[in-house]
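One structure is given here, and the rest of the page talks about it.
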Amino acid sequence: MPPDPMGATAHTLPRFPPIRPSPAAALVWFGRMLGLVLVPLVVLVAATGLAIALVRLVGDWRLGIDPFAPTDLRPRLPLAEIAGRGVLIDVLRQVLMALFVVALAAWACRGAERGALRRRLGLARPALDRASTLRLWLLLPLWPLIHIAWVTATAAALNVNFGQGVRISPFLAPVMVALWFAFVVVLAPVAEELLLRGEIYARASAFLGPAATIVATALIFCLAHVGLETGPKSANALARPLTLLPLALTLGWLRWRTGRLWPCMLLHAWSNLALLVYQLGPAIW
């Protein structure tokens with residue numbers, strides 16, 4: 001029988017050892033992953049701290065109180081003032097977050113061509129054609145049912161009262177109530193999407209694949225919503241991230257499929273509005 005040329009060639013092919021990442025490359029990858037967590041944490045802490053400081057300084061100045069006076073020498077604030085300051089802190093935090101994100105993205109795009117900032121944040125039409133937003137319009141009517149069903153099932157499984165007994169503070173003035181609604185339905189979705197599906201998505205997609213980027217941004221989004229409650233409400237604080245997981249994954253999928261940020265903002269706002277009506281409905285009706 002004639003010799004098998006393929007067999008002979010197979011024996012003469014050189015064997016290369018498997019390629020392993022160098023320690024330097026692994027360290028760079030770890031640093032990038034760490035940055036995905038630290039950047040939103042620093043932005044959130046900085047925006048919150050600055051918002052608290054500004055609201056306290058302006059509020060105390062308006063009431064003629066020394067903002068640097070010791071706590072035991074400060075007069076007791078009216079309940080309406082305390083509730084109003086809480087709303088103003090939430091609103092100002094979102095505005096500051098959005099400004100910080102734009103500043104970070106502008107720094108990352110320094111020296112780049114015109115329009116790089118908007119493309120980085122998903123605010124411009126992608127260079128390559130992406131999927132149509134038709135799926136978004138089909139998803140919007142169904143999303144409240146999906147999200148509320150998930151929230152209800154999660155609350156039942158964890159034996160928490162998430163979404164029940166929610167009330168608007170009776171000490172809030174009508175203007176503050178309107179401002180709080182704007183915070184929940186408009187400001188929070190815009191600022192959070194700029195941060196997570198804008199800047200953090202751009203950082204993650206630079207070294208991760210689409211699936212890993214979607215999962216990473218979703219987990220960070222959920223962790224950012226861990227509450228600080230203690231005592232009987234501590235279970236609610238830990239359950240909240242789990243209730244947001246389907247929303248977080250869907251928002252990342254929309255960002256990847258469309259290449260745009262506005263579908264994420266729209267679904268986020270619509271989801272917040274639906275959950276708000278679900279939580280406050282029994283108290284209103």
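Quick note on naming: the chains in the structure tokens go A, B, ... in the order shown, residues restart at 1 in each chain, and ligands are numbered from 1 in order of appearance.
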TODO: Select from segment 27-117 of chain A everything DSSP, run on the backbone, classes as helix (DSSP H, G or I), then give the selection as a count of residues only.
DONE: 72
Which residues, written as an mmCIF file with N, CA and C atoms, in the first residue's frame, have at least one atom at most 9 Å from Arg125 of chain A, with only C-alpha atoms counted and residues fewer than 4 positions away on the same chain left out?
data_model
loop_
_atom_site.group_PDB
_atom_site.id
_atom_site.type_symbol
_atom_site.label_atom_id
_atom_site.label_comp_id
_atom_site.auth_asym_id
_atom_site.auth_seq_id
_atom_site.Cartn_x
_atom_site.Cartn_y
_atom_site.Cartn_z
ATOM 1 N N ARG A 118 -20.108 61.653 21.748
ATOM 2 C CA ARG A 118 -21.486 61.189 21.585
ATOM 3 C C ARG A 118 -21.523 59.709 21.213
ATOM 4 N N ARG A 119 -20.586 59.263 20.401
ATOM 5 C CA ARG A 119 -20.553 57.841 20.048
ATOM 6 C C ARG A 119 -20.195 56.988 21.260
ATOM 7 N N ASP A 129 -24.702 49.812 10.742
ATOM 8 C CA ASP A 129 -26.129 49.606 10.950
ATOM 9 C C ASP A 129 -26.338 48.531 12.016
ATOM 10 N N GLY A 259 -27.187 49.893 19.573
ATOM 11 C CA GLY A 259 -26.042 50.799 19.543
ATOM 12 C C GLY A 259 -26.379 52.192 20.031
ATOM 13 N N ARG A 260 -27.561 52.376 20.608
ATOM 14 C CA ARG A 260 -28.008 53.693 21.054
ATOM 15 C C ARG A 260 -28.355 53.646 22.531
#
Task: Nearby residues (only C-alpha atoms) at most 6 Å from segment 264-276 of chain A, same-chain spacing under 5 positions excluded, as a ChimeraX atom specification - done: /A:144,185,189-190,251
TODO: Skip Arg255 of chain A itself and residues of its chain fewer than 6 positions away, then list as a PyMOL selection string all residues within 9 Å of it, counting only C-alpha atoms.
DONE: chain A and resi 122+197-198+201+214+261-264
Open item on the list: I'd like the contact shell of segment 168-171 of chain A - 7 Å cut-off, only C-alpha atoms, skipping same-chain residues fewer than 4 positions apart - returned as a list in words.
Closed with: Leu79, Ala80 and Ala83 of chain A
With all heavy atoms retained, write the just-selected residues as a PDB file, in the first residue's frame.
ATOM      1  N   LEU A  79     -40.489  69.059  59.807  1.00  0.00           N
ATOM      2  CA  LEU A  79     -40.571  67.816  59.038  1.00  0.00           C
ATOM      3  C   LEU A  79     -40.695  68.089  57.543  1.00  0.00           C
ATOM      4  O   LEU A  79     -40.151  67.340  56.722  1.00  0.00           O
ATOM      5  CB  LEU A  79     -41.756  66.983  59.526  1.00  0.00           C
ATOM      6  CG  LEU A  79     -41.630  66.429  60.954  1.00  0.00           C
ATOM      7  CD1 LEU A  79     -42.893  65.675  61.341  1.00  0.00           C
ATOM      8  CD2 LEU A  79     -40.411  65.518  61.073  1.00  0.00           C
ATOM      9  N   ALA A  80     -41.405  69.163  57.181  1.00  0.00           N
ATOM     10  CA  ALA A  80     -41.509  69.513  55.763  1.00  0.00           C
ATOM     11  C   ALA A  80     -40.152  69.881  55.188  1.00  0.00           C
ATOM     12  O   ALA A  80     -39.842  69.552  54.034  1.00  0.00           O
ATOM     13  CB  ALA A  80     -42.503  70.667  55.592  1.00  0.00           C
ATOM     14  N   ALA A  83     -38.125  66.554  54.731  1.00  0.00           N
ATOM     15  CA  ALA A  83     -38.601  65.794  53.575  1.00  0.00           C
ATOM     16  C   ALA A  83     -38.216  66.472  52.271  1.00  0.00           C
ATOM     17  O   ALA A  83     -37.799  65.814  51.309  1.00  0.00           O
ATOM     18  CB  ALA A  83     -40.118  65.625  53.666  1.00  0.00           C
TER      19      ALA A  83
END
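By chain and then residue number, the residues within 12 Å of Leu172 of chain A are Pro78, Leu79, Ala80, Glu81, Ile82, Ala83, Gly84, Arg85, Gly86, Val87, Leu88, Arg167, Ile168, Ser169, Val175, Met176, Val177, Ala178, Leu179, Trp180 and Phe181 of chain A, counting only C-alpha atoms and disregarding those fewer than 3 positions away in sequence.
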Open item on the list: Residues near segment 223-226 of chain A, anyone? I mean within 6 Å using only C-alpha atoms, not counting same-chain ones fewer than 2 positions away, as JSON, numbers by chain.
Closed with: {"A": [220, 221, 237, 238, 241]}
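Note that atom CA of Ala204 of chain A and atom CA of Leu138 of chain A are 28.1 Å apart.
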Determine, for each residue of segment 90-120 of chain A having at least one atom at most 12 Å from an atom of segment 54-74 of chain A, the closest pair of atoms and their separation in Å to one decimal, counting only C-alpha atoms; order by chain and ascending number, as JSON lines.
{"residue": "A:Asp90", "atom": "CA", "partner": "A:Val55", "partner_atom": "CA", "distance": 10.2}
{"residue": "A:Val91", "atom": "CA", "partner": "A:Val55", "partner_atom": "CA", "distance": 10.5}
{"residue": "A:Leu92", "atom": "CA", "partner": "A:Val55", "partner_atom": "CA", "distance": 8.4}
{"residue": "A:Arg93", "atom": "CA", "partner": "A:Leu54", "partner_atom": "CA", "distance": 10.2}
{"residue": "A:Leu96", "atom": "CA", "partner": "A:Leu54", "partner_atom": "CA", "distance": 11.2}
Selection from above, N, CA, C and O atoms, as a compact mmCIF listing (two decimals), in the first residue's frame, can you write it?
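So the final result, stored in part-v9.txt, reads:
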# COMPACT_ATOMS: atom_id res chain seq x y z
N ASP A 90 -31.80 63.94 46.25
CA ASP A 90 -31.95 62.94 45.19
C ASP A 90 -31.85 63.56 43.81
O ASP A 90 -31.18 63.04 42.92
N VAL A 91 -32.53 64.68 43.62
CA VAL A 91 -32.54 65.34 42.32
C VAL A 91 -31.14 65.85 41.96
O VAL A 91 -30.63 65.62 40.85
N LEU A 92 -30.51 66.54 42.91
CA LEU A 92 -29.19 67.10 42.64
C LEU A 92 -28.15 66.01 42.42
O LEU A 92 -27.24 66.17 41.60
N ARG A 93 -28.29 64.89 43.11
CA ARG A 93 -27.35 63.78 42.91
C ARG A 93 -27.39 63.28 41.48
O ARG A 93 -26.35 63.01 40.87
N LEU A 96 -25.71 65.84 39.15
CA LEU A 96 -24.25 65.81 39.30
C LEU A 96 -23.67 64.53 38.70
O LEU A 96 -22.60 64.56 38.08
Open item on the list: Please compute the atom CA of Trp150 of chain A-atom CA of Glu199 of chain A distance, one decimal, in Å.
Closed with: 28.0 Å
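Compared by their closest atoms to Thr250 of chain A, and using only C-alpha atoms, the residues A:Ala155, A:Ile200, A:Leu194, A:Leu140 rank with A:Leu140 nearest.
Closest approach to Leu145 of chain A among A:Phe207, A:Phe183, A:Trp256, A:Tyr278: A:Tyr278, based on only C-alpha atoms.
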